[in-house]
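Undergrad: Got a file for you: input19.pdb, PDB, C-alpha atoms.
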ATOM      1  CA  MET S 948     -85.863 -90.392-201.725
ATOM      2  CA  VAL S 949     -83.304 -93.147-202.181
ATOM      3  CA  SER S 950     -82.593 -95.094-199.016
ATOM      4  CA  GLU S 951     -79.316 -96.779-198.310
ATOM      5  CA  THR S 952     -77.854 -99.052-195.675
ATOM      6  CA  PRO S 953     -74.371 -97.873-194.664
ATOM      7  CA  GLN S 954     -71.740-100.567-194.334
ATOM      8  CA  GLU S 955     -70.757-101.119-190.712
ATOM      9  CA  TYR S 956     -67.239 -99.911-189.984
ATOM     10  CA  SER S 957     -64.809-102.478-188.601
ATOM     11  CA  VAL S 958     -61.585-101.123-187.129
ATOM     12  CA  ASP S 959     -60.093-104.627-187.132
ATOM     13  CA  GLU S 960     -60.747-105.047-190.852
ATOM     14  CA  GLU S 961     -59.342-101.577-191.525
ATOM     15  CA  ILE S 962     -56.149-102.448-189.654
ATOM     16  CA  VAL S 963     -55.760-105.748-191.507
ATOM     17  CA  TYR S 964     -56.206-103.943-194.821
ATOM     18  CA  PHE S 965     -53.614-101.317-193.913
ATOM     19  CA  PHE S 966     -50.978-103.897-192.996
ATOM     20  CA  SER S 967     -51.543-105.674-196.312
ATOM     21  CA  LYS S 968     -49.813-102.648-197.885
ATOM     22  CA  THR S 969     -46.686-102.610-195.718
ATOM     23  CA  SER S 970     -43.769-104.870-194.886
ATOM     24  CA  ALA S 971     -44.166-104.026-191.192
ATOM     25  CA  THR S 972     -46.483-105.964-188.892
ATOM     26  CA  LYS S 973     -49.024-104.789-186.358
ATOM     27  CA  SER S 974     -47.180-106.552-183.545
ATOM     28  CA  SER S 975     -43.884-104.876-184.449
ATOM     29  CA  CYS S 976     -45.596-101.475-184.557
ATOM     30  CA  ASP S 977     -47.240-102.030-181.188
ATOM     31  CA  ALA S 978     -43.873-103.050-179.755
ATOM     32  CA  ARG S 979     -42.211 -99.918-181.172
ATOM     33  CA  ALA S 980     -44.927 -97.724-179.647
ATOM     34  CA  GLN S 981     -44.392 -99.426-176.295
ATOM     35  CA  GLU S 982     -40.649 -98.903-176.607
ATOM     36  CA  LEU S 983     -40.947 -95.229-177.539
ATOM     37  CA  VAL S 984     -43.592 -94.101-175.074
ATOM     38  CA  GLY S 985     -44.491 -96.878-172.660
ATOM     39  CA  GLY S 986     -47.896 -97.516-171.162
ATOM     40  CA  SER S 987     -50.653 -99.586-172.707
ATOM     41  CA  VAL S 988     -50.931 -99.531-176.505
ATOM     42  CA  VAL S 989     -54.477 -99.329-177.880
ATOM     43  CA  PRO S 990     -55.460 -98.726-181.542
ATOM     44  CA  VAL S 991     -57.630 -95.645-182.032
ATOM     45  CA  ALA S 992     -61.255 -96.489-182.761
ATOM     46  CA  VAL S 993     -61.302 -95.013-186.279
ATOM     47  CA  GLN S 994     -58.172 -95.523-188.380
ATOM     48  CA  GLY S 995     -57.083 -93.367-191.319
ATOM     49  CA  ASN S 996     -56.568 -94.699-194.830
ATOM     50  CA  CYS S 997     -52.845 -93.971-194.852
ATOM     51  CA  SER S 998     -51.740 -94.878-191.348
ATOM     52  CA  TYR S 999     -52.012 -97.087-188.287
ATOM     53  CA  THR S1000     -52.467 -95.025-185.122
ATOM     54  CA  VAL S1001     -52.388 -96.095-181.479
ATOM     55  CA  TYR S1002     -52.799 -94.477-178.116
ATOM     56  CA  ALA S1003     -49.669 -95.065-176.053
ATOM     57  CA  GLY S1004     -50.306 -94.454-172.393
ATOM     58  CA  SER S1005     -52.544 -91.523-171.495
ATOM     59  CA  THR S1006     -50.529 -88.677-173.012
ATOM     60  CA  HIS S1007     -49.229 -89.755-176.417
ATOM     61  CA  VAL S1008     -50.246 -91.062-179.817
ATOM     62  CA  VAL S1009     -47.911 -93.049-182.064
ATOM     63  CA  GLN S1010     -48.659 -93.060-185.772
ATOM     64  CA  PHE S1011     -47.183 -95.339-188.430
ATOM     65  CA  ARG S1012     -47.533 -93.885-191.939
ATOM     66  CA  LEU S1013     -46.695 -95.385-195.313
ATOM     67  CA  LYS S1014     -43.280 -94.086-196.374
ATOM     68  CA  SER S1015     -44.742 -92.722-199.606
ATOM     69  CA  LEU S1016     -47.094 -90.596-197.489
ATOM     70  CA  ASP S1017     -44.625 -89.404-194.873
ATOM     71  CA  LEU S1018     -45.646 -86.536-192.622
ATOM     72  CA  ASP S1019     -44.155 -83.091-193.161
ATOM     73  CA  THR S1020     -43.308 -82.297-189.544
ATOM     74  CA  LYS S1021     -42.439 -78.729-190.527
ATOM     75  CA  MET S1022     -46.110 -78.186-191.378
ATOM     76  CA  SER S1023     -47.148 -79.658-188.030
ATOM     77  CA  THR S1024     -44.723 -77.334-186.280
ATOM     78  CA  LEU S1025     -46.065 -74.349-188.220
ATOM     79  CA  ALA S1026     -49.638 -75.328-187.344
ATOM     80  CA  GLY S1027     -48.631 -75.512-183.678
ATOM     81  CA  GLU S1028     -47.048 -72.068-183.819
ATOM     82  CA  ILE S1029     -50.263 -70.647-185.271
ATOM     83  CA  TYR S1030     -52.894 -72.519-183.257
ATOM     84  CA  GLY S1031     -51.024 -73.411-180.064
ATOM     85  CA  SER S1032     -52.301 -76.207-177.837
ATOM     86  CA  LEU S1033     -55.088 -77.183-180.246
ATOM     87  CA  ILE S1034     -52.508 -78.863-182.479
ATOM     88  CA  PRO S1035     -50.527 -82.007-181.591
ATOM     89  CA  SER S1036     -46.757 -81.856-181.914
ATOM     90  CA  ALA S1037     -45.172 -84.534-184.106
ATOM     91  CA  THR S1038     -41.634 -85.929-183.977
ATOM     92  CA  PHE S1039     -40.113 -88.417-186.416
ATOM     93  CA  HIS S1040     -38.626 -91.633-185.005
ATOM     94  CA  GLY S1041     -37.287 -93.506-188.004
ATOM     95  CA  HIS S1042     -38.757 -96.358-190.013
ATOM     96  CA  ILE S1043     -40.077 -99.841-189.395
ATOM     97  CA  GLY S1044     -40.269-102.616-191.983
ATOM     98  CA  GLU S1045     -38.156-103.287-195.053
ATOM     99  CA  GLN S1046     -38.238-101.615-198.449
ATOM    100  CA  GLY S1047     -39.255-103.624-201.498
ATOM    101  CA  ILE S1048     -40.488-106.846-199.886
ATOM    102  CA  ASP S1049     -43.228-108.184-202.190
ATOM    103  CA  GLY S1050     -43.753-104.662-203.451
ATOM    104  CA  LYS S1051     -44.675-103.429-199.984
ATOM    105  CA  GLU S1052     -43.234-100.372-198.300
ATOM    106  CA  PRO S1053     -41.954 -99.582-194.801
ATOM    107  CA  LEU S1054     -43.616 -97.215-192.370
ATOM    108  CA  CYS S1055     -42.510 -93.894-190.929
ATOM    109  CA  VAL S1056     -42.902 -93.631-187.161
ATOM    110  CA  TYR S1057     -44.173 -90.470-185.454
ATOM    111  CA  VAL S1058     -44.855 -89.678-181.818
ATOM    112  CA  MET S1059     -47.453 -87.008-181.040
ATOM    113  CA  ASN S1060     -48.852 -85.576-177.859
ATOM    114  CA  ARG S1061     -52.444 -86.632-177.341
ATOM    115  CA  VAL S1062     -54.989 -83.866-177.943
ATOM    116  CA  LYS S1063     -57.803 -83.864-175.414
ATOM    117  CA  GLY S1064     -61.314 -84.753-176.480
ATOM    118  CA  ILE S1065     -62.601 -87.242-179.038
ATOM    119  CA  SER S1066     -63.066 -86.982-182.786
ATOM    120  CA  HIS S1067     -66.267 -85.329-183.926
ATOM    121  CA  LEU S1068     -67.167 -88.591-185.679
ATOM    122  CA  ASP S1069     -66.859 -90.502-182.389
ATOM    123  CA  PHE S1070     -69.020 -87.829-180.763
ATOM    124  CA  ILE S1071     -71.735 -88.357-183.384
ATOM    125  CA  LEU S1072     -71.599 -92.140-183.078
ATOM    126  CA  GLY S1073     -71.744 -91.942-179.295
ATOM    127  CA  HIS S1074     -74.952 -89.894-179.117
ATOM    128  CA  ASN S1075     -78.048 -91.601-180.401
ATOM    129  CA  PHE S1076     -80.257 -88.508-180.570
ATOM    130  CA  PRO S1077     -82.330 -87.624-183.655
ATOM    131  CA  GLU S1078     -80.127 -85.466-185.881
ATOM    132  CA  ASN S1079     -82.501 -82.491-185.728
ATOM    133  CA  SER S1080     -83.240 -82.749-182.005
ATOM    134  CA  VAL S1081     -82.698 -79.769-179.718
ATOM    135  CA  GLU S1082     -79.567 -81.444-178.331
ATOM    136  CA  TYR S1083     -77.969 -81.971-181.729
ATOM    137  CA  CYS S1084     -78.883 -78.500-182.943
ATOM    138  CA  THR S1085     -77.226 -76.984-179.870
ATOM    139  CA  TRP S1086     -74.115 -79.147-180.256
ATOM    140  CA  ARG S1087     -73.736 -78.216-183.911
ATOM    141  CA  GLU S1088     -74.096 -74.540-183.014
ATOM    142  CA  ASN S1089     -71.363 -74.947-180.373
ATOM    143  CA  LEU S1090     -68.970 -76.481-182.878
ATOM    144  CA  ILE S1091     -69.639 -74.181-185.813
ATOM    145  CA  SER S1092     -69.102 -71.151-183.560
ATOM    146  CA  ASP S1093     -65.792 -72.583-182.323
ATOM    147  CA  ILE S1094     -64.689 -73.339-185.885
ATOM    148  CA  GLY S1095     -65.462 -69.768-186.868
ATOM    149  CA  GLU S1096     -63.189 -68.537-184.102
ATOM    150  CA  PHE S1097     -60.542 -71.134-184.963
ATOM    151  CA  LEU S1098     -60.423 -70.125-188.629
ATOM    152  CA  GLY S1099     -60.538 -66.414-187.849
ATOM    153  CA  ARG S1100     -57.187 -66.227-186.102
ATOM    154  CA  PHE S1101     -55.511 -64.437-188.985
ATOM    155  CA  ARG S1102     -56.612 -60.956-187.993
ATOM    156  CA  PRO S1103     -53.216 -59.256-188.487
ATOM    157  CA  ILE S1104     -52.824 -60.680-191.990
ATOM    158  CA  ILE S1105     -56.428 -59.965-192.951
ATOM    159  CA  GLN S1106     -56.217 -56.397-191.679
ATOM    160  CA  GLN S1107     -53.038 -55.756-193.671
ATOM    161  CA  SER S1108     -54.831 -56.828-196.845
ATOM    162  CA  ILE S1109     -58.313 -55.532-196.051
ATOM    163  CA  ASP S1110     -58.180 -52.693-198.579
ATOM    164  CA  SER S1111     -56.857 -54.807-201.444
ATOM    165  CA  LEU S1112     -59.162 -57.802-201.669
ATOM    166  CA  PRO S1113     -60.776 -57.531-205.113
ATOM    167  CA  ALA S1114     -59.884 -61.108-206.011
ATOM    168  CA  VAL S1115     -59.302 -64.404-204.244
ATOM    169  CA  PHE S1116     -55.574 -64.495-204.750
ATOM    170  CA  SER S1117     -55.130 -61.178-203.056
ATOM    171  CA  LEU S1118     -56.450 -62.782-199.876
ATOM    172  CA  PRO S1119     -53.855 -63.578-197.183
ATOM    173  CA  MET S1120     -51.804 -66.710-197.771
ATOM    174  CA  VAL S1121     -52.285 -68.949-194.729
ATOM    175  CA  LEU S1122     -51.793 -72.538-193.582
ATOM    176  CA  ILE S1123     -54.674 -74.593-195.014
ATOM    177  CA  HIS S1124     -55.816 -77.888-193.468
ATOM    178  CA  LYS S1125     -56.923 -79.962-196.462
ATOM    179  CA  ASP S1126     -58.824 -82.674-194.590
ATOM    180  CA  PHE S1127     -60.883 -80.573-192.186
ATOM    181  CA  GLY S1128     -63.486 -83.252-191.526
ATOM    182  CA  VAL S1129     -65.280 -85.173-188.808
ATOM    183  CA  ASN S1130     -62.358 -87.573-188.263
ATOM    184  CA  ASN S1131     -59.870 -84.792-187.583
ATOM    185  CA  ILE S1132     -61.890 -82.384-185.434
ATOM    186  CA  MET S1133     -61.561 -83.138-181.716
ATOM    187  CA  VAL S1134     -64.421 -82.109-179.418
ATOM    188  CA  ASP S1135     -65.327 -82.253-175.734
ATOM    189  CA  THR S1136     -68.491 -83.619-174.111
ATOM    190  CA  ASP S1137     -70.484 -80.556-175.232
ATOM    191  CA  ASN S1138     -69.176 -80.761-178.816
ATOM    192  CA  HIS S1139     -66.878 -77.769-178.401
ATOM    193  CA  LEU S1140     -63.691 -77.759-180.475
ATOM    194  CA  VAL S1141     -60.613 -78.792-178.471
ATOM    195  CA  GLY S1142     -58.150 -79.819-181.190
ATOM    196  CA  VAL S1143     -57.424 -80.399-184.874
ATOM    197  CA  ILE S1144     -55.293 -83.369-185.939
ATOM    198  CA  ASP S1145     -53.779 -84.815-189.147
ATOM    199  CA  TRP S1146     -51.950 -81.956-190.832
ATOM    200  CA  ALA S1147     -50.184 -84.333-193.227
ATOM    201  CA  GLU S1148     -51.624 -82.701-196.350
ATOM    202  CA  ALA S1149     -51.568 -79.103-195.124
ATOM    203  CA  GLU S1150     -50.360 -76.436-197.515
ATOM    204  CA  ILE S1151     -50.067 -72.691-197.843
ATOM    205  CA  GLY S1152     -52.949 -71.154-199.782
ATOM    206  CA  PRO S1153     -55.426 -68.255-199.948
ATOM    207  CA  PHE S1154     -57.523 -67.743-196.830
ATOM    208  CA  GLY S1155     -60.897 -69.480-197.094
ATOM    209  CA  THR S1156     -60.088 -72.068-199.738
ATOM    210  CA  ASN S1157     -60.898 -74.932-197.351
ATOM    211  CA  PHE S1158     -64.139 -73.437-196.023
ATOM    212  CA  HIS S1159     -66.182 -75.787-198.209
ATOM    213  CA  SER S1160     -65.286 -78.494-195.659
ATOM    214  CA  LEU S1161     -67.661 -76.859-193.184
ATOM    215  CA  GLN S1162     -70.637 -78.223-195.107
ATOM    216  CA  GLN S1163     -70.162 -81.622-193.481
ATOM    217  CA  PHE S1164     -70.772 -80.020-190.075
ATOM    218  CA  MET S1165     -73.952 -78.305-191.277
ATOM    219  CA  SER S1166     -75.278 -80.962-193.659
ATOM    220  CA  LYS S1167     -75.044 -84.668-194.316
ATOM    221  CA  TYR S1168     -73.952 -86.253-197.579
ATOM    222  CA  ARG S1169     -75.643 -89.374-198.866
ATOM    223  CA  LEU S1170     -74.566 -91.497-201.794
ATOM    224  CA  ARG S1171     -77.002 -91.194-204.723
ATOM    225  CA  VAL S1172     -78.886 -88.464-202.853
ATOM    226  CA  GLY S1173     -76.257 -85.782-202.280
ATOM    227  CA  TRP S1174     -76.275 -83.024-199.680
ATOM    228  CA  ILE S1175     -79.110 -82.808-197.149
ATOM    229  CA  ARG S1176     -79.063 -79.771-194.898
ATOM    230  CA  TYR S1177     -79.767 -80.058-191.183
ATOM    231  CA  ALA S1178     -82.880 -78.297-189.923
ATOM    232  CA  ASN S1179     -80.829 -75.496-188.342
ATOM    233  CA  TYR S1180     -78.533 -74.992-191.351
ATOM    234  CA  GLU S1181     -79.313 -71.289-191.728
ATOM    235  CA  THR S1182     -78.568 -70.706-188.046
ATOM    236  CA  LEU S1183     -75.290 -72.612-188.299
ATOM    237  CA  ASP S1184     -74.238 -70.647-191.379
ATOM    238  CA  ARG S1185     -74.982 -67.335-189.665
ATOM    239  CA  ILE S1186     -73.154 -68.401-186.492
ATOM    240  CA  PHE S1187     -70.059 -69.359-188.471
ATOM    241  CA  TRP S1188     -69.745 -66.085-190.363
ATOM    242  CA  ASP S1189     -70.532 -64.028-187.251
ATOM    243  CA  SER S1190     -67.972 -65.988-185.230
ATOM    244  CA  LEU S1191     -65.346 -65.748-187.967
ATOM    245  CA  SER S1192     -65.862 -62.023-188.396
ATOM    246  CA  LYS S1193     -65.707 -61.355-184.666
ATOM    247  CA  SER S1194     -62.555 -63.439-184.229
ATOM    248  CA  ALA S1195     -60.894 -61.734-187.210
ATOM    249  CA  GLY S1196     -61.627 -58.273-185.851
ATOM    250  CA  GLY S1197     -64.499 -57.503-188.188
ATOM    251  CA  LEU S1198     -64.920 -58.386-191.866
ATOM    252  CA  ASP S1199     -66.731 -56.068-194.258
ATOM    253  CA  PRO S1200     -69.231 -57.460-196.791
ATOM    254  CA  GLU S1201     -66.783 -57.210-199.697
ATOM    255  CA  THR S1202     -64.157 -59.212-197.813
ATOM    256  CA  ILE S1203     -66.695 -61.882-196.884
ATOM    257  CA  LYS S1204     -67.788 -62.051-200.527
ATOM    258  CA  THR S1205     -64.175 -62.608-201.588
ATOM    259  CA  ILE S1206     -63.665 -65.294-198.939
ATOM    260  CA  LYS S1207     -66.795 -67.052-200.191
ATOM    261  CA  ALA S1208     -65.345 -66.935-203.701
ATOM    262  CA  ALA S1209     -62.183 -68.557-202.312
ATOM    263  CA  ARG S1210     -64.385 -71.249-200.800
ATOM    264  CA  ILE S1211     -65.744 -72.112-204.237
ATOM    265  CA  ILE S1212     -62.243 -72.314-205.731
ATOM    266  CA  GLY S1213     -61.185 -74.620-202.898
ATOM    267  CA  LEU S1214     -64.238 -76.793-203.465
ATOM    268  CA  LEU S1215     -63.488 -77.137-207.164
ATOM    269  CA  ARG S1216     -59.834 -77.877-206.487
ATOM    270  CA  SER S1217     -60.660 -80.492-203.856
ATOM    271  CA  HIS S1218     -63.633 -82.214-205.467
ATOM    272  CA  GLY S1219     -63.048 -81.475-209.129
ATOM    273  CA  PHE S1220     -59.968 -83.670-209.417
ATOM    274  CA  THR S1221     -58.952 -87.261-208.746
ATOM    275  CA  SER S1222     -57.046 -88.261-205.601
ATOM    276  CA  ARG S1223     -54.643 -85.650-204.245
ATOM    277  CA  LEU S1224     -52.514 -88.153-202.282
ATOM    278  CA  LYS S1225     -48.872 -87.871-203.246
ATOM    279  CA  ASN S1226     -48.423 -91.627-203.747
ATOM    280  CA  ARG S1227     -51.116 -91.611-206.437
ATOM    281  CA  PRO S1228     -50.851 -90.475-210.074
ATOM    282  CA  GLU S1229     -51.008 -86.742-210.755
ATOM    283  CA  PRO S1230     -54.560 -85.463-210.136
ATOM    284  CA  GLU S1231     -56.750 -85.131-213.210
ATOM    285  CA  PRO S1232     -60.134 -83.442-213.644
ATOM    286  CA  ILE S1233     -62.944 -85.806-212.713
ATOM    287  CA  ARG S1234     -65.236 -86.989-215.480
ATOM    288  CA  ASP S1235     -69.004 -86.952-215.492
ATOM    289  CA  ASP S1236     -69.137 -90.736-215.611
ATOM    290  CA  GLU S1237     -69.143 -93.626-213.155
ATOM    291  CA  SER S1238     -65.578 -92.937-211.984
ATOM    292  CA  GLY S1239     -66.367 -89.342-211.051
ATOM    293  CA  ALA S1240     -70.001 -89.749-210.038
ATOM    294  CA  TYR S1241     -69.467 -89.417-206.274
ATOM    295  CA  LYS S1242     -67.538 -86.152-206.459
ATOM    296  CA  MET S1243     -69.710 -84.824-209.266
ATOM    297  CA  LEU S1244     -72.832 -85.321-207.149
ATOM    298  CA  GLY S1245     -71.212 -83.340-204.336
ATOM    299  CA  LEU S1246     -70.247 -80.514-206.673
ATOM    300  CA  ASP S1247     -73.720 -80.432-208.152
ATOM    301  CA  GLY S1248     -75.258 -80.094-204.709
ATOM    302  CA  LEU S1249     -73.020 -77.228-203.586
ATOM    303  CA  LEU S1250     -72.803 -75.324-206.861
ATOM    304  CA  ILE S1251     -76.035 -75.919-208.777
ATOM    305  CA  ALA S1252     -78.908 -77.474-206.782
ATOM    306  CA  PRO S1253     -81.130 -74.564-205.610
ATOM    307  CA  ALA S1254     -81.877 -76.113-202.217
ATOM    308  CA  THR S1255     -78.261 -76.695-201.179
ATOM    309  CA  LYS S1256     -75.951 -74.544-203.302
ATOM    310  CA  LEU S1257     -73.543 -72.231-201.536
ATOM    311  CA  VAL S1258     -74.646 -68.609-201.518
ATOM    312  CA  ASP S1259     -72.154 -65.955-202.623
TER     313      ASP S1259
END
Let me see whether you can do it: turn the structure in this file into structure tokens.
TA:
Amino acid sequence: MVSETPQEYSVDEEIVYFFSKTSATKSSCDARAQELVGGSVVPVAVQGNCSYTVYAGSTHVVQFRLKSLDLDTKMSTLAGEIYGSLIPSATFHGHIGEQGIDGKEPLCVYVMNRVKGISHLDFILGHNFPENSVEYCTWRENLISDIGEFLGRFRPIIQQSIDSLPAVFSLPMVLIHKDFGVNNIMVDTDNHLVGVIDWAEAEIGPFGTNFHSLQQFMSKYRLRVGWIRYANYETLDRIFWDSLSKSAGGLDPETIKTIKAARIIGLLRSHGFTSRLKNRPEPEPIRDDESGAYKMLGLDGLLIAPATKLVD
């Protein structure tokens, strides 16, 4: 087995790198957050690639996003209408910084209500238990059950289409979170789901096309090694499908098979192409060379490798 030493994450370095891409400054952003919301302004512990985010007081978050990656607040509103209090509201408050200075861009300013809990990544980093300990196995089971319920809230739509699901694109069209990962899942002290953030890239698509994202809650991914399943993977997989089916009012085997097919299509669409960010060139199919090696390894593990491939 290939061993690797992960590079230590530095939030300060991440913030410095982000502000190298914009004409705004950290101090001006902090001042705007203070002006908009009040209270103490504290950067969140793990920053995103496309934004600078701070806690403002105890009830709000202020996010500064590159103008080329502005947030579609209509999608955030739609997500809130579907999922209620699990989703933060987002309101636009203008721009900060100047356009075209040294090729840098201004930032869009958004105020959001603060979702309770911490990110799943922070939860993992804050608990130094062996990954296959009883504690971790129980926590993962808590979360995967909650996610099953969260993603199964489309019962009316599913039931309307239940008799006509021979192919993926006859599945219900729903709001798809395209970055359903450990940074954007908020959990409580028992690792139960309490919120989902960052709907910037959300889109409407067939139900189940983002279910491949669940693998990162049931497995770990290592560079040059690929996917490694947790000891209780089979239990987690069963819990998810049972929880999803129960929340959706019951799913027959044929429907589940079709949803699993949608999962594969979503995986290929997400990992089979270059960056999907809208300020990057149009996505192209990845190549089986050095440039596409990381994504290709992930696809190989979930589609081909006998020990880790997704089961239909």
Undergrad: For the file shown, report as a list of chain:residue names the outcome of the PyMOL selection byres ((chain S and resi 974) around 12) at residue level.
TA: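 When the PyMOL selection byres ((chain S and resi 974) around 12) is applied, the selected residues are S:Ile962, S:Val963, S:Phe966, S:Ser970, S:Ala971, S:Thr972, S:Lys973, S:Ser975, S:Cys976, S:Asp977, S:Ala978, S:Arg979, S:Ala980, S:Gln981, S:Val988, S:Val989, S:Pro990, S:Tyr999, S:Val1001, S:Ile1043, S:Gly1044.
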Undergrad: Output C-alpha atoms for every residue in the selection just made, as a compact mmCIF listing (two decimals), in the frame of the given file.
TA:
# COMPACT_ATOMS: atom_id res chain seq x y z
CA ILE S 962 -56.15 -102.45 -189.65
CA VAL S 963 -55.76 -105.75 -191.51
CA PHE S 966 -50.98 -103.90 -193.00
CA SER S 970 -43.77 -104.87 -194.89
CA ALA S 971 -44.17 -104.03 -191.19
CA THR S 972 -46.48 -105.96 -188.89
CA LYS S 973 -49.02 -104.79 -186.36
CA SER S 975 -43.88 -104.88 -184.45
CA CYS S 976 -45.60 -101.48 -184.56
CA ASP S 977 -47.24 -102.03 -181.19
CA ALA S 978 -43.87 -103.05 -179.76
CA ARG S 979 -42.21 -99.92 -181.17
CA ALA S 980 -44.93 -97.72 -179.65
CA GLN S 981 -44.39 -99.43 -176.30
CA VAL S 988 -50.93 -99.53 -176.50
CA VAL S 989 -54.48 -99.33 -177.88
CA PRO S 990 -55.46 -98.73 -181.54
CA TYR S 999 -52.01 -97.09 -188.29
CA VAL S 1001 -52.39 -96.10 -181.48
CA ILE S 1043 -40.08 -99.84 -189.40
CA GLY S 1044 -40.27 -102.62 -191.98
Undergrad: Apply the PyMOL selection byres ((chain S and resi 1154) around 7) to the displayed file and report the matching residues as a PyMOL selection string.
TA: chain S and resi 1118-1121+1152-1153+1155-1156+1206
Undergrad: Using only C-alpha atoms for the distances, tell me which of S:Arg1171, S:Asp1137, S:Tyr1002, S:Ala1149 is nearest to S:Thr1024.
TA: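 For S:Thr1024, the nearest of the candidates is S:Ala1149.
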Undergrad: Which residues would end up in the selection if the PyMOL selection byres ((chain S and resi 1189-1196) around 6) were applied here, given that I need the answer as a list in words?
TA: Ser1092, Gly1095, Glu1096, Gly1099, Arg1100, Arg1102, Ile1186, Phe1187, Trp1188, Gly1197 and Leu1198 of chain S
Undergrad: Please dump the current selection as a PDB file, in the coordinates of the input; keep C-alpha atoms.
TA:
ATOM      1  CA  SER S1092     -69.102 -71.151-183.560  1.00  0.00           C
ATOM      2  CA  GLY S1095     -65.462 -69.768-186.868  1.00  0.00           C
ATOM      3  CA  GLU S1096     -63.189 -68.537-184.102  1.00  0.00           C
ATOM      4  CA  GLY S1099     -60.538 -66.414-187.849  1.00  0.00           C
ATOM      5  CA  ARG S1100     -57.187 -66.227-186.102  1.00  0.00           C
ATOM      6  CA  ARG S1102     -56.612 -60.956-187.993  1.00  0.00           C
ATOM      7  CA  ILE S1186     -73.154 -68.401-186.492  1.00  0.00           C
ATOM      8  CA  PHE S1187     -70.059 -69.359-188.471  1.00  0.00           C
ATOM      9  CA  TRP S1188     -69.745 -66.085-190.363  1.00  0.00           C
ATOM     10  CA  GLY S1197     -64.499 -57.503-188.188  1.00  0.00           C
ATOM     11  CA  LEU S1198     -64.920 -58.386-191.866  1.00  0.00           C
TER      12      LEU S1198
END
Undergrad: Using only C-alpha atoms, find the one residue out of S:Lys1125, S:His1007, S:His1067, S:Lys1225 that sits nearest to S:Phe1164.
TA: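 Using only C-alpha atoms, S:Phe1164 sits closest to S:His1067.
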Undergrad: Using all atoms listed in the file, can you list as a list in words the residues within 10 Å of (-53.6, -78.7, -182.0)?
TA: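 These residues have at least one counted atom within 10 Å: Ser1023, Thr1024, Ala1026, Gly1027, Glu1028, Ile1029, Tyr1030, Gly1031, Ser1032, Leu1033, Ile1034, Pro1035, Ser1036, Asn1060, Arg1061, Val1062, Lys1063, Ile1132, Met1133, Val1141, Gly1142, Val1143, Ile1144, Asp1145 and Trp1146 of chain S.
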Undergrad: Can you tell me how far atom CA of S:Leu1054 sits from atom CA of S:Arg1012, in Å to one decimal?
TA: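 Answer for the atom CA of S:Leu1054 to atom CA of S:Arg1012 separation: 5.2 Å.
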Undergrad: To box stretch 1028-1045 of chain S, take all atoms listed in the file, fit an axis-aligned box, add 5 Å on each side, and give centre and edge lengths in Å to one decimal, as AutoDock Vina command-line options.
TA:
--center_x -46.2 --center_y -87.0 --center_z -186.4 --size_x 27.8 --size_y 42.6 --size_z 27.2
Undergrad: Figure out the distance between atom CA of S:Ser1160 and atom CA of S:Gly1213, please, to one decimal in Å.
TA: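 A separation of 9.2 Å between them.
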Undergrad: Please determine, counting only C-alpha atoms, which residue among S:Glu960, S:Glu1201, S:Asp1135, S:Glu982 has the shortest atom-to-atom distance to S:Ile1065.
TA: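 Result for the nearest residue to S:Ile1065: S:Asp1135.
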Undergrad: Using only C-alpha atoms, what residues lie at most 6 Å away from (-45.8, -98.7, -171.2) (file coordinates), given as a list in words?
TA: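 With a cut-off of 6 Å, the residues come to Gln981, Gly985, Gly986 and Ser987 of chain S.
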Undergrad: So, with only C-alpha atoms as the atoms that count, which of S:Cys997, S:Leu1025, S:Ala992, S:Cys1084 lies closest to S:Leu1068?
TA: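 Counting only C-alpha atoms, the residue closest to S:Leu1068 is S:Ala992.
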Undergrad: From the set S:Gly1248, S:Gly1128, S:Gly1064, S:Pro1200, which residue has the shortest atom-to-atom contact distance to S:Arg1176, counting only C-alpha atoms?
TA: S:Gly1248
Undergrad: What gap, in Å, lies between atom CA of S:Lys1204 and atom CA of S:Asp1184?
TA: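 Separating atom CA of S:Lys1204 from atom CA of S:Asp1184 is a distance of 14.1 Å.
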Undergrad: Using all atoms listed in the file for the distances, tell me which of S:Asn1157, S:Ser957, S:Gln1163, S:Asn1089 is nearest to S:Asn1130.
TA: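 Closest to S:Asn1130 of all the choices is S:Gln1163.
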